[in-house]
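Here is data09.cif, consisting of mmCIF, C-alpha atoms:
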```
data_target
loop_
_atom_site.label_atom_id
_atom_site.label_comp_id
_atom_site.auth_asym_id
_atom_site.auth_seq_id
_atom_site.Cartn_x
_atom_site.Cartn_y
_atom_site.Cartn_z
CA MET Q 1 2.52 -31.15 4.43
CA GLU Q 2 6.12 -31.10 3.06
CA LYS Q 3 4.79 -29.99 -0.34
CA GLU Q 4 2.73 -27.15 1.17
CA ILE Q 5 5.64 -25.92 3.30
CA SER Q 6 8.01 -25.71 0.32
CA LEU Q 7 5.26 -24.02 -1.72
CA PHE Q 8 4.61 -21.43 1.01
CA LYS Q 9 8.34 -20.76 1.29
CA GLU Q 10 8.34 -19.56 -2.33
CA MET Q 11 5.57 -17.04 -1.71
CA LYS Q 12 6.50 -13.39 -1.04
CA LEU Q 13 3.74 -13.35 1.55
CA PHE Q 14 5.65 -15.78 3.77
CA ASN Q 15 9.14 -14.39 3.14
CA ASN Q 16 11.42 -14.85 6.19
CA LEU Q 17 8.98 -17.16 8.00
CA SER Q 18 10.46 -20.21 9.72
CA GLU Q 19 8.99 -23.68 9.07
CA GLU Q 20 7.37 -23.61 12.49
CA LYS Q 21 5.57 -20.33 11.64
CA ILE Q 22 4.53 -21.65 8.22
CA GLN Q 23 2.96 -24.66 9.94
CA LYS Q 24 0.97 -22.33 12.17
CA VAL Q 25 -0.30 -20.51 9.06
CA LEU Q 26 -1.24 -23.83 7.45
CA GLY Q 27 -3.34 -24.46 10.54
CA ILE Q 28 -5.70 -21.61 9.58
CA CYS Q 29 -5.79 -22.41 5.82
CA THR Q 30 -8.82 -24.09 4.26
CA LYS Q 31 -8.44 -25.98 0.97
CA VAL Q 32 -11.21 -25.08 -1.50
CA SER Q 33 -11.83 -26.21 -5.09
CA PHE Q 34 -13.79 -24.49 -7.84
CA PRO Q 35 -14.70 -25.69 -11.37
CA GLU Q 36 -13.68 -23.83 -14.54
CA ASN Q 37 -15.39 -20.45 -15.10
CA THR Q 38 -16.18 -19.72 -11.46
CA ILE Q 39 -15.92 -16.12 -10.26
CA ILE Q 40 -14.09 -16.34 -6.94
CA MET Q 41 -14.08 -12.62 -6.27
CA GLN Q 42 -16.02 -9.77 -7.86
CA GLU Q 43 -14.62 -6.27 -8.35
CA GLY Q 44 -16.33 -3.75 -6.07
CA LYS Q 45 -17.75 -6.29 -3.60
CA THR Q 46 -16.33 -6.35 -0.07
CA GLY Q 47 -14.52 -9.43 1.13
CA ASP Q 48 -12.57 -10.77 4.08
CA THR Q 49 -10.85 -13.76 2.49
CA MET Q 50 -7.44 -14.17 0.91
CA TYR Q 51 -6.73 -16.86 -1.72
CA MET Q 52 -3.52 -18.61 -2.82
CA ILE Q 53 -3.62 -20.78 -5.97
CA LEU Q 54 -2.44 -24.35 -5.52
CA GLU Q 55 -3.59 -25.73 -8.88
CA GLY Q 56 -5.05 -24.22 -12.04
CA ASP Q 57 -5.11 -20.94 -13.96
CA VAL Q 58 -7.17 -17.83 -13.28
CA GLU Q 59 -7.98 -14.59 -15.08
CA VAL Q 60 -7.84 -11.25 -13.29
CA VAL Q 61 -10.06 -8.55 -14.81
CA LYS Q 62 -9.85 -4.90 -13.82
CA THR Q 63 -12.26 -2.27 -15.15
CA LEU Q 64 -10.79 1.09 -16.20
CA VAL Q 65 -14.00 3.14 -16.31
CA PRO Q 66 -16.56 3.70 -13.53
CA GLU Q 67 -19.54 1.39 -13.29
CA GLY Q 68 -22.70 2.76 -14.86
CA MET Q 69 -20.87 4.69 -17.58
CA ASP Q 70 -22.70 4.50 -20.88
CA LEU Q 71 -20.57 2.27 -23.15
CA ASP Q 72 -21.35 -0.22 -25.91
CA GLU Q 73 -20.17 -3.85 -25.56
CA ASP Q 74 -16.92 -3.36 -27.57
CA GLU Q 75 -15.99 -0.33 -25.50
CA LYS Q 76 -16.73 -2.23 -22.28
CA ILE Q 77 -14.19 -4.89 -23.28
CA GLY Q 78 -11.70 -2.23 -24.41
CA ASN Q 79 -11.88 -0.62 -21.00
CA LYS Q 80 -10.86 -3.72 -19.08
CA VAL Q 81 -7.41 -5.08 -18.34
CA PHE Q 82 -7.06 -8.88 -18.44
CA THR Q 83 -4.22 -10.78 -16.81
CA LYS Q 84 -3.80 -14.56 -16.79
CA LEU Q 85 -2.13 -16.11 -13.76
CA LYS Q 86 -0.95 -19.68 -13.21
CA ALA Q 87 -0.44 -21.74 -10.06
CA GLU Q 88 3.31 -21.96 -10.79
CA ASP Q 89 3.65 -18.17 -10.28
CA HIS Q 90 2.23 -18.61 -6.73
CA PRO Q 91 -0.21 -15.73 -7.05
CA VAL Q 92 -2.12 -14.44 -4.04
CA PHE Q 93 -5.45 -12.55 -4.20
CA GLY Q 94 -7.10 -10.36 -1.63
CA GLU Q 95 -4.09 -10.08 0.70
CA ILE Q 96 -5.43 -6.72 1.95
CA SER Q 97 -8.49 -8.55 3.31
CA LEU Q 98 -6.20 -10.25 5.84
CA PHE Q 99 -6.25 -7.09 7.94
CA GLU Q 100 -9.20 -5.05 6.71
CA GLU Q 101 -12.48 -5.82 5.01
CA SER Q 102 -12.23 -3.96 1.72
CA ARG Q 103 -13.71 -3.74 -1.74
CA ARG Q 104 -12.14 -6.14 -4.24
CA THR Q 105 -10.12 -4.19 -6.79
CA ALA Q 106 -10.50 -6.80 -9.54
CA THR Q 107 -12.61 -9.78 -10.58
CA VAL Q 108 -10.90 -13.18 -10.44
CA LYS Q 109 -12.32 -16.04 -12.55
CA THR Q 110 -11.06 -19.61 -12.84
CA LEU Q 111 -9.90 -20.60 -16.35
CA SER Q 112 -9.63 -24.30 -15.40
CA ASP Q 113 -10.56 -26.45 -12.40
CA CYS Q 114 -8.72 -24.78 -9.53
CA THR Q 115 -7.69 -25.52 -5.97
CA PHE Q 116 -6.91 -22.69 -3.55
CA TYR Q 117 -5.89 -22.19 0.03
CA GLU Q 118 -8.17 -19.70 1.71
CA ILE Q 119 -7.38 -17.62 4.82
CA ASN Q 120 -10.02 -15.63 6.65
CA LYS Q 121 -9.30 -12.21 8.21
CA ASP Q 122 -10.57 -13.07 11.70
CA ASP Q 123 -8.53 -16.29 11.82
CA PHE Q 124 -5.41 -14.43 10.69
CA LEU Q 125 -5.81 -11.57 13.19
CA ARG Q 126 -6.41 -14.09 16.02
CA LEU Q 127 -3.23 -15.98 15.07
CA ALA Q 128 -1.20 -12.74 14.71
CA GLU Q 129 -2.26 -11.62 18.18
CA LYS Q 130 -1.20 -14.94 19.64
CA ASP Q 131 2.17 -14.87 17.84
CA TYR Q 132 3.20 -11.26 17.20
CA GLU Q 133 6.46 -12.27 15.50
CA LEU Q 134 4.46 -14.18 12.87
CA GLY Q 135 1.94 -11.31 12.61
CA TYR Q 136 4.76 -8.78 12.19
CA GLN Q 137 6.51 -10.79 9.47
CA ILE Q 138 3.36 -11.41 7.40
CA VAL Q 139 1.99 -7.86 7.71
CA LEU Q 140 5.45 -6.51 6.79
CA ASN Q 141 5.46 -8.71 3.67
CA ILE Q 142 1.94 -7.57 2.73
CA ALA Q 143 2.88 -3.91 3.35
CA LYS Q 144 5.82 -4.33 0.93
CA MET Q 145 3.54 -5.94 -1.68
CA VAL Q 146 0.99 -3.11 -1.33
CA CYS Q 147 3.78 -0.51 -1.61
CA SER Q 148 4.94 -2.01 -4.85
CA ARG Q 149 1.33 -1.92 -6.18
CA LEU Q 150 1.10 1.72 -5.04
CA ARG Q 151 4.30 2.61 -6.94
CA LYS Q 152 2.84 0.92 -10.04
CA ALA Q 153 -0.46 2.85 -9.65
CA ASP Q 154 1.42 6.13 -9.13
CA GLU Q 155 3.37 5.48 -12.34
CA ASP Q 156 0.10 4.79 -14.18
CA VAL Q 157 -1.31 8.11 -12.92
CA ILE Q 158 1.78 9.90 -14.26
CA LYS Q 159 1.60 8.10 -17.62
CA LEU Q 160 -2.12 8.78 -18.04
CA SER Q 161 -1.73 12.46 -17.05
CA THR Q 162 1.08 12.79 -19.58
CA VAL Q 163 -0.92 11.25 -22.41
CA LEU Q 164 -3.93 13.37 -21.47
CA SER Q 165 -1.90 16.59 -21.43
CA ILE Q 166 -0.44 15.75 -24.87
CA VAL Q 167 -3.87 14.94 -26.31
CA LEU Q 168 -5.43 18.11 -24.86
CA LYS Q 169 -2.56 20.21 -26.25
CA GLU Q 170 -3.14 18.83 -29.74
CA THR Q 171 -6.88 19.41 -29.82
CA MET X 1 6.97 13.84 27.51
CA GLU X 2 3.23 14.04 28.39
CA LYS X 3 2.65 16.38 25.43
CA GLU X 4 4.44 14.03 23.01
CA ILE X 5 2.53 11.00 24.24
CA SER X 6 -0.86 12.66 23.76
CA LEU X 7 0.28 13.92 20.33
CA PHE X 8 1.41 10.44 19.24
CA LYS X 9 -1.89 8.98 20.45
CA GLU X 10 -3.71 11.13 17.89
CA MET X 11 -1.62 9.83 15.00
CA LYS X 12 -3.01 7.00 12.86
CA LEU X 13 0.50 5.59 12.78
CA PHE X 14 0.35 4.80 16.49
CA ASN X 15 -3.28 3.68 16.62
CA ASN X 16 -3.86 1.02 19.34
CA LEU X 17 -0.41 1.49 20.92
CA SER X 18 -0.24 1.54 24.72
CA GLU X 19 1.57 4.39 26.50
CA GLU X 20 4.43 2.04 27.29
CA LYS X 21 4.87 1.24 23.55
CA ILE X 22 4.63 4.93 22.61
CA GLN X 23 7.42 5.67 25.07
CA LYS X 24 9.58 3.05 23.38
CA VAL X 25 8.93 4.73 20.01
CA LEU X 26 9.83 8.13 21.50
CA GLY X 27 13.14 6.55 22.48
CA ILE X 28 14.12 6.20 18.80
CA CYS X 29 12.78 9.64 17.70
CA THR X 30 15.15 12.53 17.02
CA LYS X 31 13.86 16.12 17.20
CA VAL X 32 15.01 18.18 14.20
CA SER X 33 14.28 21.79 13.22
CA PHE X 34 14.41 23.42 9.78
CA PRO X 35 13.98 27.08 8.77
CA GLU X 36 11.30 28.26 6.31
CA ASN X 37 11.75 27.17 2.68
CA THR X 38 13.84 24.06 3.40
CA ILE X 39 13.27 21.01 1.23
CA ILE X 40 13.16 18.10 3.66
CA MET X 41 12.55 15.44 1.05
CA GLN X 42 12.89 15.50 -2.72
CA GLU X 43 10.63 13.56 -5.10
CA GLY X 44 12.51 10.70 -6.79
CA LYS X 45 15.41 10.56 -4.31
CA THR X 46 15.70 7.50 -2.08
CA GLY X 47 15.35 7.90 1.67
CA ASP X 48 15.23 5.89 4.86
CA THR X 49 13.75 8.46 7.25
CA MET X 50 10.19 9.14 8.33
CA TYR X 51 9.07 12.61 9.57
CA MET X 52 6.22 13.73 11.84
CA ILE X 53 5.46 17.47 12.07
CA LEU X 54 5.47 18.90 15.60
CA GLU X 55 5.36 22.60 14.68
CA GLY X 56 4.93 24.54 11.45
CA ASP X 57 3.40 24.17 7.99
CA VAL X 58 4.76 22.32 4.96
CA GLU X 59 3.93 22.08 1.28
CA VAL X 60 3.77 18.71 -0.47
CA VAL X 61 4.42 18.87 -4.24
CA LYS X 62 3.80 15.96 -6.55
CA THR X 63 4.71 16.05 -10.26
CA LEU X 64 2.19 14.61 -12.72
CA VAL X 65 4.45 14.26 -15.77
CA PRO X 66 7.73 12.33 -16.07
CA GLU X 67 10.99 14.17 -15.44
CA GLY X 68 12.75 15.35 -18.57
CA MET X 69 9.53 15.94 -20.50
CA ASP X 70 9.75 19.07 -22.64
CA LEU X 71 7.45 21.63 -20.97
CA ASP X 72 7.57 25.41 -20.57
CA GLU X 73 7.54 26.95 -17.05
CA ASP X 74 3.72 27.50 -16.93
CA GLU X 75 3.08 23.92 -18.00
CA LYS X 76 5.54 22.64 -15.39
CA ILE X 77 3.53 24.35 -12.65
CA GLY X 78 0.24 23.18 -14.19
CA ASN X 79 1.48 19.61 -14.01
CA LYS X 80 2.14 19.63 -10.28
CA VAL X 81 -0.22 19.04 -7.39
CA PHE X 82 0.33 21.22 -4.31
CA THR X 83 -1.00 20.37 -0.85
CA LYS X 84 -0.48 22.43 2.29
CA LEU X 85 -0.27 20.56 5.59
CA LYS X 86 -0.23 21.93 9.13
CA ALA X 87 1.17 20.51 12.38
CA GLU X 88 -2.38 20.32 13.82
CA ASP X 89 -3.32 17.68 11.22
CA HIS X 90 -0.47 15.47 12.56
CA PRO X 91 0.84 14.63 9.10
CA VAL X 92 3.49 11.96 8.62
CA PHE X 93 5.87 11.78 5.63
CA GLY X 94 7.91 8.89 4.35
CA GLU X 95 6.21 6.20 6.46
CA ILE X 96 7.12 3.60 3.81
CA SER X 97 10.81 4.28 4.54
CA LEU X 98 10.29 2.74 7.98
CA PHE X 99 10.51 -0.70 6.43
CA GLU X 100 12.07 -0.22 3.00
CA GLU X 101 14.39 2.29 1.44
CA SER X 102 12.33 3.75 -1.37
CA ARG X 103 12.07 6.68 -3.74
CA ARG X 104 10.21 9.66 -2.30
CA THR X 105 6.88 10.08 -4.11
CA ALA X 106 6.66 13.83 -3.42
CA THR X 107 8.76 16.85 -2.48
CA VAL X 108 8.12 18.29 0.99
CA LYS X 109 9.13 21.91 1.68
CA THR X 110 8.74 23.90 4.91
CA LEU X 111 6.46 26.98 4.61
CA SER X 112 7.51 28.27 8.05
CA ASP X 113 10.12 27.38 10.67
CA CYS X 114 9.34 23.74 11.43
CA THR X 115 10.12 21.12 14.04
CA PHE X 116 9.82 17.43 13.25
CA TYR X 117 10.34 14.09 14.90
CA GLU X 118 12.46 11.87 12.71
CA ILE X 119 12.61 8.05 12.81
CA ASN X 120 15.24 6.08 10.94
CA LYS X 121 14.46 2.73 9.26
CA ASP X 122 17.27 0.77 10.95
CA ASP X 123 16.30 2.05 14.40
CA PHE X 124 12.67 1.15 13.78
CA LEU X 125 13.42 -2.36 12.48
CA ARG X 126 15.73 -2.99 15.46
CA LEU X 127 13.00 -1.89 17.88
CA ALA X 128 10.32 -3.95 16.07
CA GLU X 129 12.47 -7.09 16.27
CA LYS X 130 12.95 -6.56 20.00
CA ASP X 131 9.21 -5.96 20.57
CA TYR X 132 7.20 -7.78 17.92
CA GLU X 133 3.86 -6.62 19.35
CA LEU X 134 4.93 -3.00 18.82
CA GLY X 135 6.34 -3.86 15.36
CA TYR X 136 3.12 -5.64 14.40
CA GLN X 137 0.89 -2.75 15.52
CA ILE X 138 2.89 -0.04 13.72
CA VAL X 139 3.38 -2.01 10.49
CA LEU X 140 -0.34 -2.85 10.51
CA ASN X 141 -1.17 0.86 10.83
CA ILE X 142 1.23 1.75 8.00
CA ALA X 143 -0.18 -1.05 5.83
CA LYS X 144 -3.69 0.40 6.32
CA MET X 145 -2.45 3.91 5.44
CA VAL X 146 -0.73 2.60 2.28
CA CYS X 147 -3.88 0.67 1.31
CA SER X 148 -5.94 3.82 1.54
CA ARG X 149 -3.39 5.64 -0.67
CA LEU X 150 -3.55 2.71 -3.11
CA ARG X 151 -7.35 2.94 -3.28
CA LYS X 152 -7.02 6.69 -3.97
CA ALA X 153 -4.42 6.05 -6.73
CA ASP X 154 -6.62 3.32 -8.27
CA GLU X 155 -9.54 5.76 -8.34
CA ASP X 156 -7.31 8.36 -10.03
CA VAL X 157 -6.33 5.79 -12.68
CA ILE X 158 -10.02 5.10 -13.36
CA LYS X 159 -10.89 8.80 -13.52
CA LEU X 160 -7.97 9.62 -15.85
CA SER X 161 -8.75 6.64 -18.12
CA THR X 162 -12.36 7.77 -18.30
CA VAL X 163 -11.48 11.35 -19.20
CA LEU X 164 -8.95 10.09 -21.75
CA SER X 165 -11.46 7.75 -23.39
CA ILE X 166 -14.02 10.57 -23.62
CA VAL X 167 -11.46 12.99 -25.10
CA LEU X 168 -10.23 10.40 -27.62
CA LYS X 169 -13.81 9.62 -28.65
CA GLU X 170 -14.52 13.29 -29.35
CA THR X 171 -11.42 13.90 -31.49
#
```

Take the structure in this file and express it as structure tokens.
Amino acid sequence: MEKEISLFKEMKLFNNLSEEKIQKVLGICTKVSFPENTIIMQEGKTGDTMYMILEGDVEVVKTLVPEGMDLDEDEKIGNKVFTKLKAEDHPVFGEISLFEESRRTATVKTLSDCTFYEINKDDFLRLAEKDYELGYQIVLNIAKMVCSRLRKADEDVIKLSTVLSIVLKET
Amino acid sequence: MEKEISLFKEMKLFNNLSEEKIQKVLGICTKVSFPENTIIMQEGKTGDTMYMILEGDVEVVKTLVPEGMDLDEDEKIGNKVFTKLKAEDHPVFGEISLFEESRRTATVKTLSDCTFYEINKDDFLRLAEKDYELGYQIVLNIAKMVCSRLRKADEDVIKLSTVLSIVLKET
């Protein structure tokens, strides 16, 4: 329990939470293990579960072109973004699913045997409505994380538009 | 007061809030008026105020290329996205500023004489920490709004990457 509490304290998701609140969150976590090369979430599919890595490495793959577009195998790989994440970075996946069922924005695959903590949307919402302070703190942390992803995406839109306008000017 | 309460009830931002909670929010709102052609927020500048339109129309302008890029006047206009918003759509600007001071992602200019309700970050955070249920509900609503903007931005990234890969293939 001590180990989990100090691990959770390092996660952005639980920023500002007291030990008592963290223990309440641990009460709705389920420990799950997956072997190497397991896809734990698939881009485009809906989901209502959030994952936190406890042990192991995973690969996050995001596609840059729409599904069904006619591409050969090399192009398919060229149009994906791969990111490797390790347990020591305390990554969290699917945090949006804590408050709304939504399509996964990337595929996550285990690169080694992995152990995760899993939290389900309904369990989280039930806990948040019993302890609004806890609900407020966690949703505030998630909102900040989503905002920073939105800023990143907005920057990507600007960069891509710029490159596109340069390329179109030259042709 | 009646009019404001029924107006607030139609805003996504206050979804699921009881009348009692809405009245508490009204307690931290300031009514402000601006003449036609006033810039109420400027893209890139930091801010800690959220606005809700009560009366009038505004224009939202978002630049698609980085500042300082060498463009002639026509190109500058071609690289902006303009959206017109009316009071009847109950638009909200700067909702992210309710919980973190951040750079404005667009410029908002009044197209007619306008009246807004203004909420300041510090006032909101103080209220949320006095009434966590209210804080939880509003931050949850904002988080959902930001998620939907993130999904839109992610789609734009995919569309732009697709167009770019087609253009690069053809040249």

Return as CSV the residues of chain X lying at most 9 Å from chain Q, together with the closest atom-to-atom pair for each and the distance in Å to one decimal, counting all atoms listed in the file, with rows in chain order and ascending residue number.
```
residue,atom,partner,partner_atom,distance
X:Thr63,CA,Q:Ile158,CA,7.9
X:Leu64,CA,Q:Ile158,CA,5.0
X:Val65,CA,Q:Thr162,CA,5.3
X:Pro66,CA,Q:Ile158,CA,6.7
X:Asn79,CA,Q:Ser161,CA,8.4
X:Ile96,CA,Q:Cys147,CA,7.6
X:Phe99,CA,Q:Leu140,CA,7.7
X:Glu100,CA,Q:Lys144,CA,7.8
X:Thr105,CA,Q:Arg151,CA,8.4
X:Ala128,CA,Q:Tyr136,CA,8.3
X:Glu129,CA,Q:Glu133,CA,8.0
X:Asp131,CA,Q:Glu133,CA,8.5
X:Tyr132,CA,Q:Glu133,CA,5.2
X:Glu133,CA,Q:Tyr132,CA,5.2
X:Leu134,CA,Q:Tyr132,CA,8.6
X:Gly135,CA,Q:Tyr136,CA,6.1
X:Tyr136,CA,Q:Tyr136,CA,4.2
X:Gln137,CA,Q:Tyr136,CA,7.9
X:Val139,CA,Q:Leu140,CA,6.2
X:Leu140,CA,Q:Val139,CA,6.2
X:Ile142,CA,Q:Ala143,CA,7.5
X:Ala143,CA,Q:Ala143,CA,4.9
X:Lys144,CA,Q:Glu100,CA,7.8
X:Val146,CA,Q:Cys147,CA,6.7
X:Cys147,CA,Q:Val146,CA,6.7
X:Arg149,CA,Q:Leu150,CA,7.4
X:Leu150,CA,Q:Leu150,CA,5.1
X:Arg151,CA,Q:Thr105,CA,8.4
X:Ala153,CA,Q:Ala153,CA,5.9
X:Asp154,CA,Q:Ala153,CA,6.3
X:Glu155,CA,Q:Pro66,CA,9.0
X:Asp156,CA,Q:Val157,CA,6.7
X:Val157,CA,Q:Val157,CA,5.5
X:Ile158,CA,Q:Leu64,CA,5.0
X:Lys159,CA,Q:Val65,CA,7.0
X:Leu160,CA,Q:Leu160,CA,6.3
X:Ser161,CA,Q:Leu64,CA,6.2
X:Thr162,CA,Q:Val65,CA,5.3
X:Val163,CA,Q:Leu164,CA,8.1
X:Leu164,CA,Q:Leu164,CA,6.0
X:Ser165,CA,Q:Asn79,CA,8.7
X:Val167,CA,Q:Leu168,CA,7.9
X:Leu168,CA,Q:Val167,CA,7.9
X:Thr171,CA,Q:Thr171,CA,7.3
```

Using the chain letters and numbers from the file, give me the residues hit by the PyMOL selection byres ((chain X and resi 33) around 7), as a ChimeraX atom specification. /X:31-32,34-35,114-116

Spell out the residues picked by the PyMOL selection byres ((chain Q and resi 6) around 12) here, as a PyMOL selection string. chain Q and resi 1-5+7-11+14-15+17-19+22-23+26+90

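If you look at atom CA of Lys24 of chain X and atom CA of Val92 of chain X, they are 18.3 Å away from each other.
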
Could you jot down the atom CA of Lys109 of chain X to atom CA of Phe124 of chain X separation for me, Å, one decimal place?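 One can read the atom CA of Lys109 of chain X to atom CA of Phe124 of chain X distance as 24.3 Å.
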
Find the spatial neighbours of segment 46-58 of chain X, counting only C-alpha atoms, within a cut-off of 6 Å - ignore same-chain residues fewer than 3 positions away - and output them as a list in words. Lys84, Leu85, Lys86, Ala87, Val92, Phe93, Gly94, Glu95, Ser97, Glu101, Ser102, Arg103, Arg104, Lys109, Thr110, Leu111, Ser112, Asp113, Cys114, Thr115, Phe116, Tyr117, Glu118, Ile119, Asn120 and Lys121 of chain X

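The gap separating atom CA of Thr83 of chain X from atom CA of Thr30 of chain X is 25.3 Å, in Å to one decimal.
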
The PyMOL selection byres ((chain Q and resi 43) around 7) applied to the shown file, residues as an mmCIF file with C-alpha atoms, in the frame of the given file:
```cif
data_model
loop_
_atom_site.group_PDB
_atom_site.id
_atom_site.type_symbol
_atom_site.label_atom_id
_atom_site.label_comp_id
_atom_site.auth_asym_id
_atom_site.auth_seq_id
_atom_site.Cartn_x
_atom_site.Cartn_y
_atom_site.Cartn_z
ATOM 1 C CA MET Q 41 -14.080 -12.620 -6.270
ATOM 2 C CA GLN Q 42 -16.020 -9.770 -7.860
ATOM 3 C CA GLY Q 44 -16.330 -3.750 -6.070
ATOM 4 C CA LYS Q 45 -17.750 -6.290 -3.600
ATOM 5 C CA ARG Q 104 -12.140 -6.140 -4.240
ATOM 6 C CA THR Q 105 -10.120 -4.190 -6.790
ATOM 7 C CA ALA Q 106 -10.500 -6.800 -9.540
ATOM 8 C CA THR Q 107 -12.610 -9.780 -10.580
#
```
